[in-house]
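Text of the file run.txt, holding compact mmCIF, C-alpha atoms and all ligand atoms:
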```txt
# COMPACT_ATOMS: atom_id res chain seq x y z
CA MET A 1 0.00 0.00 0.00
CA ALA A 2 1.10 3.54 -0.55
CA ILE A 3 0.15 7.05 0.36
CA ARG A 4 -0.99 8.94 -2.71
CA GLN A 5 -0.69 12.65 -3.29
CA ILE A 6 -3.92 14.50 -2.63
CA ARG A 7 -5.02 16.93 -5.32
CA GLU A 8 -5.85 20.28 -3.81
CA GLU A 9 -7.84 23.41 -4.46
CA GLY A 10 -7.03 24.93 -7.85
CA ASP A 11 -6.32 21.55 -9.47
CA GLU A 12 -8.65 21.32 -12.48
CA ILE A 13 -9.12 17.57 -12.08
CA LEU A 14 -11.39 18.24 -9.07
CA LYS A 15 -13.97 19.74 -11.47
CA LYS A 16 -14.02 16.70 -13.76
CA LYS A 17 -16.64 13.99 -13.76
CA SER A 18 -15.39 10.51 -12.91
CA ARG A 19 -16.15 7.50 -15.09
CA GLU A 20 -18.14 4.40 -14.21
CA ILE A 21 -16.02 1.42 -13.27
CA GLU A 22 -16.59 -1.55 -15.55
CA VAL A 23 -13.89 -3.95 -14.41
CA ILE A 24 -12.99 -4.73 -10.82
CA ASP A 25 -9.38 -5.84 -11.16
CA ASP A 26 -6.16 -5.92 -9.14
CA LYS A 27 -5.30 -2.40 -10.18
CA LEU A 28 -8.55 -1.17 -8.69
CA GLN A 29 -7.91 -3.10 -5.46
CA ILE A 30 -4.52 -1.40 -5.14
CA LEU A 31 -6.14 1.98 -5.74
CA ILE A 32 -8.75 1.25 -3.03
CA ASP A 33 -6.09 0.15 -0.52
CA ASP A 34 -4.04 3.25 -1.27
CA MET A 35 -7.09 5.48 -0.91
CA ILE A 36 -7.91 3.99 2.50
CA GLU A 37 -4.32 4.40 3.65
CA THR A 38 -4.18 7.98 2.38
CA MET A 39 -7.52 8.86 4.04
CA HIS A 40 -6.29 7.43 7.36
CA LYS A 41 -2.93 9.17 7.12
CA TYR A 42 -4.63 12.57 6.85
CA ASN A 43 -7.46 11.74 9.30
CA GLY A 44 -10.13 12.18 6.65
CA VAL A 45 -13.59 10.62 6.93
CA GLY A 46 -13.79 10.13 3.19
CA LEU A 47 -11.86 10.22 -0.05
CA ALA A 48 -12.90 9.98 -3.69
CA ALA A 49 -10.54 8.61 -6.35
CA VAL A 50 -10.48 11.95 -8.17
CA GLN A 51 -8.79 13.42 -5.10
CA VAL A 52 -5.77 11.23 -5.81
CA GLY A 53 -5.95 12.01 -9.51
CA VAL A 54 -7.94 9.00 -10.75
CA LEU A 55 -11.23 9.73 -12.56
CA LYS A 56 -13.03 6.55 -11.51
CA ARG A 57 -16.28 6.32 -9.59
CA VAL A 58 -14.98 4.85 -6.36
CA LEU A 59 -14.93 6.34 -2.89
CA VAL A 60 -13.93 5.31 0.60
CA ILE A 61 -15.39 6.45 3.91
CA ASP A 62 -14.34 5.75 7.49
CA LEU A 63 -16.16 7.23 10.47
CA TYR A 64 -13.59 5.65 12.82
CA ASP A 65 -16.28 3.60 14.53
CA ASP A 66 -16.12 -0.18 14.80
CA LYS A 67 -17.37 -0.72 11.25
CA GLY A 68 -14.10 0.03 9.47
CA ALA A 69 -13.71 1.56 6.03
CA ILE A 70 -16.64 1.52 3.59
CA VAL A 71 -15.86 1.17 -0.12
CA LEU A 72 -18.46 2.24 -2.69
CA ILE A 73 -17.98 1.60 -6.41
CA ASN A 74 -20.31 3.36 -8.88
CA PRO A 75 -22.47 4.74 -6.04
CA GLU A 76 -25.92 6.09 -6.84
CA ILE A 77 -27.91 8.05 -4.29
CA ILE A 78 -31.44 6.84 -4.94
CA LYS A 79 -33.25 8.59 -2.10
CA THR A 80 -32.71 11.53 0.21
CA LYS A 81 -34.77 12.63 3.18
CA GLY A 82 -34.74 15.70 5.40
CA GLU A 83 -31.99 18.22 5.95
CA GLN A 84 -29.14 18.82 8.36
CA GLU A 85 -26.94 21.86 8.77
CA VAL A 86 -23.43 20.59 9.34
CA GLU A 87 -19.85 21.71 9.44
CA GLU A 88 -17.76 20.29 6.65
CA GLY A 89 -14.19 20.16 5.45
CA CYS A 90 -12.32 18.37 2.68
CA LEU A 91 -8.82 16.93 2.33
CA SER A 92 -8.53 18.81 -0.97
CA PHE A 93 -9.24 22.11 0.83
CA PRO A 94 -6.88 21.87 3.77
CA ASN A 95 -7.71 23.81 6.93
CA GLN A 96 -10.97 25.18 5.53
CA PHE A 97 -14.30 24.52 7.17
CA ALA A 98 -17.78 25.82 6.48
CA LYS A 99 -21.43 25.16 7.17
CA ILE A 100 -23.48 23.39 4.55
CA ILE A 101 -26.94 21.86 4.21
CA ARG A 102 -26.94 18.13 3.54
CA PRO A 103 -29.75 15.59 3.54
CA MET A 104 -30.36 13.99 6.93
CA GLU A 105 -30.76 10.55 5.36
CA VAL A 106 -29.77 8.96 2.10
CA VAL A 107 -30.14 5.58 0.49
CA VAL A 108 -27.23 4.65 -1.75
CA GLU A 109 -26.80 1.73 -4.11
CA ALA A 110 -23.31 0.69 -5.14
CA LEU A 111 -20.97 -2.22 -5.61
CA ASP A 112 -18.63 -3.22 -2.83
CA ARG A 113 -14.97 -3.89 -3.58
CA ASN A 114 -15.78 -7.46 -4.59
CA GLY A 115 -18.37 -6.34 -7.09
CA LYS A 116 -21.34 -7.33 -4.95
CA LYS A 117 -24.40 -5.08 -5.10
CA ILE A 118 -25.03 -3.29 -1.84
CA LYS A 119 -27.62 -0.85 -0.58
CA ILE A 120 -26.88 1.36 2.42
CA LYS A 121 -29.33 3.46 4.35
CA ALA A 122 -27.31 6.20 6.00
CA LYS A 123 -28.08 9.11 8.27
CA GLU A 124 -26.33 12.05 9.91
CA LEU A 125 -22.53 11.96 9.48
CA LEU A 126 -22.52 8.95 7.15
CA ALA A 127 -25.18 10.55 4.94
CA GLN A 128 -23.13 13.75 4.88
CA ALA A 129 -19.93 11.90 3.97
CA ILE A 130 -21.63 9.92 1.18
CA CYS A 131 -23.10 13.11 -0.33
CA HIS A 132 -19.73 14.88 -0.12
CA GLU A 133 -17.85 12.06 -1.83
CA VAL A 134 -20.49 11.41 -4.50
CA ASP A 135 -20.30 15.14 -5.30
CA HIS A 136 -16.57 14.67 -5.95
CA LEU A 137 -17.36 11.95 -8.48
CA ASN A 138 -19.55 14.49 -10.29
CA GLY A 139 -16.84 17.16 -10.28
CA GLU A 140 -18.49 19.13 -7.50
CA VAL A 141 -16.70 20.44 -4.43
CA PHE A 142 -18.26 21.41 -1.10
CA ILE A 143 -16.89 24.93 -1.17
CA ASP A 144 -19.29 25.80 -4.02
CA LYS A 145 -22.32 24.77 -1.92
CA ILE A 146 -21.58 26.24 1.50
CA ILE A 147 -23.79 28.62 3.40
CA PRO A 148 -22.36 32.03 2.43
CA GLY A 149 -20.24 33.70 5.08
CA THR A 150 -19.52 30.54 7.08
CA LEU A 151 -16.08 29.71 5.67
CA GLU A 152 -13.35 29.58 8.30
CA TYR A 153 -9.65 28.98 7.98
CA VAL A 154 -8.14 26.98 10.80
CA ASN A 155 -4.45 27.14 11.61
CA PRO A 156 -3.30 23.49 11.59
CA ASN A 157 -0.64 24.23 14.20
CA GLU A 158 -3.20 25.29 16.77
CA ASN A 159 -5.18 22.09 16.87
CA ASN A 160 -3.63 18.69 16.55
CA SER A 161 -6.25 16.82 18.53
ZN ZN B 1 -13.75 16.31 -0.28
```
Translate this file's structure into structure tokens.
Amino acid sequence: MAIRQIREEGDEILKKKSREIEVIDDKLQILIDDMIETMHKYNGVGLAAVQVGVLKRVLVIDLYDDKGAIVLINPEIIKTKGEQEVEEGCLSFPNQFAKIIRPMEVVVEALDRNGKKIKIKAKELLAQAICHEVDHLNGEVFIDKIIPGTLEYVNPNENNS
């Protein structure tokens, strides 16, 4: 496994739409392992392949609970319900946080890393993370959807908790 370089704000690839994955092969498994390792290294709760420069529809999420990392290939949000106002950040926008409205609940269909069809009903933080990462696959970044005036820059040296 390897840490991959995270593409950051200003990199045009973040605005591109990722392609459907048709073949689940060893190369994809390596990408997924690297994405999980990279997400953990930077304490992220999610990472989309585009953020490491690969335009494929795969994302990883880890809420650091006992469930471990979730891998979603070709995810499709088929249902959303309610709203939540949440604080959000992104590994591609280091040290920036803002408030945003996300659905309170989502239902997502996807393939897991073995190609098996899965359906996840998510709420709160998991719903937020899924929406954030699926946006990345569509070339959308959270900063374009935030509640105006809520963007804050946090000095990384002040808070290492
Ligand atoms: Zn992000």
Which residue of A:Ile61, A:Leu91, A:Ile130, A:Val50 approaches Lys15 (chain A) most closely, using only C-alpha atoms: A:Val50
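Residue nearest ligand ZN 1 (chain B) within the list A:Leu55, A:Gln84, A:Lys99, A:Cys131: A:Cys131 [criterion: smallest interatomic distance, all atoms listed in the file].
The spacing separating CA of Ile147 (chain A) from CA of Leu63 (chain A) amounts to 23.8 Å.
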Residues within 7 Å of region 150-153 of chain A, only C-alpha atoms, excluding chain neighbours under 2 positions, as a list in words: Asn95, Gln96, Phe97, Ala98, Lys99, Ile147, Pro148 and Asn155 of chain A
For the residues selected in the previous step, produce a file with C-alpha atoms as a CSV table (one decimal), keeping the file's coordinate frame.
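Dumped everything to result27.csv:
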```
chain,number,residue,atom,x,y,z
A,95,ASN,CA,-7.7,23.8,6.9
A,96,GLN,CA,-11.0,25.2,5.5
A,97,PHE,CA,-14.3,24.5,7.2
A,98,ALA,CA,-17.8,25.8,6.5
A,99,LYS,CA,-21.4,25.2,7.2
A,147,ILE,CA,-23.8,28.6,3.4
A,148,PRO,CA,-22.4,32.0,2.4
A,155,ASN,CA,-4.4,27.1,11.6
```
Where's the centre, and what are the edge lengths in Å to one decimal, of a box along x, y and z enclosing all listed atoms of region 83-86 of chain A padded 6 Å per side, as AutoDock Vina command-line options?
```
--center_x -27.7 --center_y 20.0 --center_z 7.6 --size_x 20.6 --size_y 15.6 --size_z 15.4
```
Residues within 9 Å of Val45 (chain A), all atoms listed in the file, excluding chain neighbours under 4 positions, as a PyMOL selection string: chain A and resi 39-40+60-64+90+129
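Between CA of Leu28 (chain A) and CA of Glu76 (chain A) the interatomic distance comes to 18.9 Å.
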Would you give me, as CSV, each residue of chain A having an atom within 8 Å of an atom of ligand ZN 1 (chain B), along with its shortest atom pair and that distance in Å to one decimal, using all atoms listed in the file and sorting by chain and residue number?
```
residue,atom,partner,partner_atom,distance
A:Gly46,CA,B:ZN1,ZN,7.1
A:Leu47,CA,B:ZN1,ZN,6.4
A:Ala48,CA,B:ZN1,ZN,7.2
A:Gln51,CA,B:ZN1,ZN,7.5
A:Gly89,CA,B:ZN1,ZN,6.9
A:Cys90,CA,B:ZN1,ZN,3.9
A:Leu91,CA,B:ZN1,ZN,5.6
A:Ser92,CA,B:ZN1,ZN,5.8
A:Phe93,CA,B:ZN1,ZN,7.4
A:His132,CA,B:ZN1,ZN,6.2
A:Glu133,CA,B:ZN1,ZN,6.1
A:His136,CA,B:ZN1,ZN,6.5
A:Val141,CA,B:ZN1,ZN,6.6
A:Phe142,CA,B:ZN1,ZN,6.9
```
Once you have the residues from the selection above, write them out as a compact mmCIF listing (two decimals), keeping the file's coordinate frame, restricted to C-alpha atoms.
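What landed in again35.txt:
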```txt
# COMPACT_ATOMS: atom_id res chain seq x y z
CA GLY A 46 -13.79 10.13 3.19
CA LEU A 47 -11.86 10.22 -0.05
CA ALA A 48 -12.90 9.98 -3.69
CA GLN A 51 -8.79 13.42 -5.10
CA GLY A 89 -14.19 20.16 5.45
CA CYS A 90 -12.32 18.37 2.68
CA LEU A 91 -8.82 16.93 2.33
CA SER A 92 -8.53 18.81 -0.97
CA PHE A 93 -9.24 22.11 0.83
CA HIS A 132 -19.73 14.88 -0.12
CA GLU A 133 -17.85 12.06 -1.83
CA HIS A 136 -16.57 14.67 -5.95
CA VAL A 141 -16.70 20.44 -4.43
CA PHE A 142 -18.26 21.41 -1.10
```
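If you look at CA of Lys145 (chain A) and CA of Ile77 (chain A), they are 17.8 Å away from each other.
Considering the residues A:Leu14, A:Leu72, A:Ala49, A:Met35 and counting all atoms listed in the file, Arg113 (chain A) has its shortest atom-to-atom contact with A:Leu72.
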Using only C-alpha atoms: which of A:Glu140, A:Ser18, A:Ile13, A:Asp33 has the shortest distance to Met1 (chain A): A:Asp33
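The closest residue to Lys123 (chain A), picked from A:Ala110, A:Asn157, A:Lys56, A:Gly82 and counting only C-alpha atoms, is A:Gly82.
If only C-alpha atoms are the atoms counted, then among A:Val23, A:Ile73, A:Ala127, A:Ile30 the closest residue to Val107 (chain A) is A:Ala127.
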Long-range neighbours of Glu109 (chain A) as a ChimeraX atom specification, 7 Å cut-off, only C-alpha atoms, 5 positions minimum in chain: /A:75-78,118-120
Add whatever atoms are absent from region 49-63 of chain A to reach N, CA and C atoms, and provide the output as a CSV table (one decimal), in the frame of the given file.
```csv
chain,number,residue,atom,x,y,z
A,49,ALA,N,-11.7,8.9,-5.5
A,49,ALA,CA,-10.5,8.6,-6.4
A,49,ALA,C,-10.0,9.9,-7.1
A,50,VAL,N,-10.9,10.7,-7.5
A,50,VAL,CA,-10.5,12.0,-8.2
A,50,VAL,C,-9.5,12.8,-7.3
A,51,GLN,N,-9.7,12.7,-6.0
A,51,GLN,CA,-8.8,13.4,-5.1
A,51,GLN,C,-7.4,12.9,-5.1
A,52,VAL,N,-7.1,11.7,-5.6
A,52,VAL,CA,-5.8,11.2,-5.8
A,52,VAL,C,-5.5,11.1,-7.3
A,53,GLY,N,-6.3,11.9,-8.1
A,53,GLY,CA,-6.0,12.0,-9.5
A,53,GLY,C,-6.5,10.9,-10.4
A,54,VAL,N,-7.4,10.1,-9.9
A,54,VAL,CA,-7.9,9.0,-10.8
A,54,VAL,C,-9.4,9.2,-11.0
A,55,LEU,N,-9.8,9.4,-12.3
A,55,LEU,CA,-11.2,9.7,-12.6
A,55,LEU,C,-12.1,8.5,-12.7
A,56,LYS,N,-12.2,7.8,-11.6
A,56,LYS,CA,-13.0,6.6,-11.5
A,56,LYS,C,-14.0,6.7,-10.4
A,57,ARG,N,-15.2,6.1,-10.6
A,57,ARG,CA,-16.3,6.3,-9.6
A,57,ARG,C,-16.1,5.3,-8.4
A,58,VAL,N,-15.2,5.6,-7.6
A,58,VAL,CA,-15.0,4.8,-6.4
A,58,VAL,C,-14.6,5.8,-5.2
A,59,LEU,N,-15.2,5.5,-4.1
A,59,LEU,CA,-14.9,6.3,-2.9
A,59,LEU,C,-14.8,5.5,-1.7
A,60,VAL,N,-14.1,6.0,-0.7
A,60,VAL,CA,-13.9,5.3,0.6
A,60,VAL,C,-14.4,6.3,1.7
A,61,ILE,N,-14.9,5.7,2.8
A,61,ILE,CA,-15.4,6.4,3.9
A,61,ILE,C,-15.0,5.7,5.2
A,62,ASP,N,-14.6,6.4,6.2
A,62,ASP,CA,-14.3,5.8,7.5
A,62,ASP,C,-14.7,6.7,8.6
A,63,LEU,N,-15.7,6.4,9.4
A,63,LEU,CA,-16.2,7.2,10.5
A,63,LEU,C,-15.4,6.9,11.8
```
